[in-house]
Structures are given as structure tokens and as C-alpha cells.
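Okay, structure first, notes after.
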Amino acid sequence: MAGIFLLVTAEQLPIGLLSQVAGALDVTPGIAGLMVTVPGVVAAFSAPLLPVAVGRLDRRIMLTLMMLLMVVASGLSAVAGNFWLLLGARVLVGMSIGGFWAIAGGLAPRLVAPAQVSRAMTVIFGGIAGASVLGVPLGTLLGEWTHWRIAFAALGGFSLATAAALWCWLPSLPPREPVRLATLGEQLATRGVRVAVMTTGLVVVGHFAAYTFISPVLQDISGIAIGQVGSLLLLYGAAGIVGNVAAGLFAGRHPYTAVLLIPCTLLAVVGSFPLLGVVPATGIALLMLWGAIFGSVAVSIQTWLLRTAPNTEAANALMAFVFNFSIGTGALFGGRLVDGIGLTGTLWAASALFMAGAVLIIATPARLVTQGGPRG
């Protein structure tokens, strides 16, 4: 959980610091959005390729090495003298995210008894919501109070402490079955996995096309001062924790409904933002609902995968590829739209992707998931 917390914080911290970094390094907000695009794309390809490359390497060693790589990446980010050097450091962030997430996402069945798997997944993926609640907002506030470089340096210090904890406290975790490229492709032969992959791609691209630019959205559409954005991201993250916990309780019993609710509710929230979020009060209310729904994504999709995937670790590597590639694609897509058609058009374009995800789930028989069973 701590590792995922720091990885998600590292990946999304530029969202809160976007305006500061863009101004300091003399680039447009759309170009600055590459700080999210680059690690997302690199993580996408690292997720399936690193587990294949390391073969039978103990997963405890691999997770520790990935966190040490984050230490290096954070340090380089803190001292980068120009935007392109900063992007180079973000490449290392992407490698760390992809390698760590591909393994950590499927550890719950190996660390706890079968009856506790759903709760363990809620805890592990609570790191995502926790990053939204504490990591990104506190990093944003630290950057506002001091300097954005200090925020990256602090991230490196916490990553070093987490690497030590992983090495000291995780048990030995040799892979049960080494992941091969052919095994990754075999997962897509299962319809349930295909639907999970496609839905995740649509939802995450749509989310990050819009959310990457949440700071200017709150300022320009809702009339909220830039100095209040960091505090509002704390509330957004708190809502994400509520969504994660609620999804952990609900998805174990109703995985199909839990996944269906995600694109449907995001469509309503993001699509209505330019119309209803035009004053601070409604903008904040919509932001909180947005956070709660997106906070439920990881644990809901993971529950779906555990019920449908033939090979959990391979499916997790594949899902990590899709999730992170979609983060990078969404940020890039959103950056081009923001610079081209503005914030309102970007929010509506994201809503169209949520609608496509909802249609895909509705067209999928619920029995594919409801008649499945957990797979370890």
C-alpha cells in the first residue's frame, strides 16, 4: 500500500504543480502535461515487459528495486535544470511504476487467507486513494509553500524509507509461474478480461484527459483561486478513500454492478461540470463526487479480474499496461484538446469516452463475472 501510495503520488504530483512548473520552466500547460504522459506511457510498457525480463526473480527483490529507482527519479526531478531533463527523470518514474504495479496488484491472494483477499485488496489499492488524499494534495501544498523542487525531493526521501521497509518486512515471494509474453496474450482470449481491459482504457483515458487539468478547470470554470486548489485536492482524495472502501465492500458481492456504475456516474459528473460547476459550491460538490467514483476503479476492476482471469499475475501485468498507457494517453489527449478547443470541450470529450465504457459493460452478460470465483 505504501509503495502504491508513493508511485501514484509521483505519477500525479505534476497535476497539482502544473502551473508552477510550466511557469518556472517556460512551457505551456499543454506541454507541461507531458509530465503525466511520459511516465504513463513508459509504465505501460514496463508493466508487462519487466516481469517477463526478470523471470524467476523473487518479487520481494523486484519491488524493492523499483522503489530504489523511484528514489533516483525523484532526486533527478528535484535538480533538473530544464523541462526536457525533467521529462528524462519522468521516464525513470514510469519504469518504477510499471514494474511495481504489475507485481503488487496481484499479491493479495499470496499474503492473506482466501477469506481476507477482498479486504487485502481494499488495503493495497487504498494506496491510490491515499495518494489522492495525502500524497498529491500535500505535495501540491508543499510546492506552493516552498518550491516545486522541494516536493519532488520529499518524495524521494519517503521512497527510500519505503524501499527499506519492503526489504525488511515482505516475505520471500518467488513467482509461482514466470510471466511470458505468450501468457499475456492468452489472457485476452477470455471475454471477461477483454471487457475489463477495454473498459479500463476508456475510463482512464477519459478521466486523465480531464483531471490532468483540474487546476485550470477549478480556476476558470468554477472561479476558485489557485491557492485553494491544493486544499480541494485533499477533499477530492478523501472522497476517493470513501469510494475505495465502499467499492471494496460492494464489489466483492456485486462486481458487475460496481464496474457499471463507474462510467455511468463519471459521465454524469464530468459531462455536467461546465453547466453545473460554474460557481465554487457546485464545482466543489462535483469534484468530491468525481473523486469518490474514481477512487473505486482499481478495487472494482481488480475484483472483476480475480473472477475472470486464467492467470492473475499475467492479467495484472496486462491491466497495468492498459491503466498506465491510458493515463499517458489521456493526459496527452487532454493537453491537445485544452490547447485546441478549451476546457469545456475537453470535459465533454472525456464524457464521450465514459459513455462508450458504459455501453460496453451494458452489452456484456453479467454472468461472466457473477458466476466466477476468486482466482489466486
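Please note that chains go A, B, ... in the order of the C-alpha cells, that every chain numbers its residues from 1, and that ligands are numbered from 1 in the order shown.
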
So that each row is one residue of range 87-117 of chain A with an atom at most 7 Å from range 305-329 of chain A, can you give its shortest atom pair and the distance in Å to one decimal, using only C-alpha atoms, rows by chain and rising number, as JSON lines?
```
{"residue": "A:Gly98", "atom": "CA", "partner": "A:Ala320", "partner_atom": "CA", "distance": 6.6}
{"residue": "A:Trp101", "atom": "CA", "partner": "A:Ala320", "partner_atom": "CA", "distance": 6.4}
{"residue": "A:Ala102", "atom": "CA", "partner": "A:Ala317", "partner_atom": "CA", "distance": 4.3}
{"residue": "A:Ile103", "atom": "CA", "partner": "A:Glu313", "partner_atom": "CA", "distance": 6.8}
{"residue": "A:Gly105", "atom": "CA", "partner": "A:Asn316", "partner_atom": "CA", "distance": 6.3}
{"residue": "A:Gly106", "atom": "CA", "partner": "A:Glu313", "partner_atom": "CA", "distance": 5.7}
```

Restrict the calculation to only C-alpha atoms, then for each residue of range 25-133 of chain A with any atom at most 10 Å from an atom of range 152-156 of chain A give the closest atom pair and their distance in Å to one decimal, rows by chain and rising residue number, as a tab-separated table.
```
residue	atom	partner	partner_atom	distance
A:Met67	CA	A:Gly156	CA	9.3
A:Leu68	CA	A:Gly156	CA	8.9
A:Leu69	CA	A:Gly156	CA	9.6
A:Met70	CA	A:Gly156	CA	6.8
A:Val71	CA	A:Gly156	CA	4.5
A:Val72	CA	A:Gly156	CA	7.3
A:Ala73	CA	A:Gly156	CA	7.7
A:Ser74	CA	A:Gly156	CA	4.9
A:Gly75	CA	A:Ala153	CA	5.7
A:Leu76	CA	A:Ala153	CA	8.7
A:Ser77	CA	A:Phe152	CA	6.3
A:Ala78	CA	A:Phe152	CA	5.3
A:Val79	CA	A:Ala153	CA	8.6
```

Saved selection, atoms kept: N, CA and C atoms, as a short mmCIF file (atom, residue, chain, number, x, y, z; two decimals), in the first residue's frame:
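Output saved as again.cif:
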```cif
data_model
loop_
_atom_site.label_atom_id
_atom_site.label_comp_id
_atom_site.auth_asym_id
_atom_site.auth_seq_id
_atom_site.Cartn_x
_atom_site.Cartn_y
_atom_site.Cartn_z
N MET A 67 11.35 0.59 -6.02
CA MET A 67 11.26 1.76 -5.14
C MET A 67 12.59 2.52 -5.10
N LEU A 68 13.71 1.81 -5.18
CA LEU A 68 15.01 2.49 -5.24
C LEU A 68 15.14 3.30 -6.54
N LEU A 69 14.58 2.77 -7.62
CA LEU A 69 14.58 3.52 -8.87
C LEU A 69 13.76 4.81 -8.73
N MET A 70 12.68 4.75 -7.95
CA MET A 70 11.88 5.95 -7.69
C MET A 70 12.69 6.99 -6.91
N VAL A 71 13.56 6.52 -6.01
CA VAL A 71 14.43 7.44 -5.27
C VAL A 71 15.30 8.22 -6.24
N VAL A 72 15.92 7.51 -7.18
CA VAL A 72 16.79 8.16 -8.17
C VAL A 72 15.98 9.14 -9.02
N ALA A 73 14.81 8.71 -9.48
CA ALA A 73 13.99 9.55 -10.35
C ALA A 73 13.54 10.82 -9.64
N SER A 74 13.17 10.70 -8.37
CA SER A 74 12.72 11.87 -7.62
C SER A 74 13.86 12.86 -7.40
N GLY A 75 15.04 12.33 -7.11
CA GLY A 75 16.19 13.21 -6.94
C GLY A 75 16.54 13.97 -8.21
N LEU A 76 16.50 13.27 -9.35
CA LEU A 76 16.79 13.94 -10.61
C LEU A 76 15.73 14.99 -10.94
N SER A 77 14.46 14.70 -10.61
CA SER A 77 13.38 15.67 -10.85
C SER A 77 13.62 16.94 -10.05
N ALA A 78 14.12 16.77 -8.83
CA ALA A 78 14.30 17.93 -7.94
C ALA A 78 15.41 18.85 -8.42
N VAL A 79 16.38 18.33 -9.18
CA VAL A 79 17.52 19.16 -9.58
C VAL A 79 17.54 19.47 -11.08
#
```

Polymer residues at most 10 Å from range 131-140 of chain A, only C-alpha atoms, same-chain spacing of 5 or more positions, as an NGL selection string
:A and (1-2 or 4-18 or 20 or 126 or 145-148 or 150-152 or 154-155 or 229-241 or 291 or 295)

Please measure the separation of CA of Pro255 in chain A and CA of Trp304 in chain A, giving the value in Å to one decimal.
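Computed distance, CA of Pro255 in chain A to CA of Trp304 in chain A, equals 5.9 Å.
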
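Distance check against Val217 in chain A using only C-alpha atoms: of A:Ile31, A:Ile284, A:Ala47, A:Val36, the minimum falls on A:Ile284.
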
Interatomic distance between CA of Val297 in chain A and CA of Arg191 in chain A?
19.2 Å
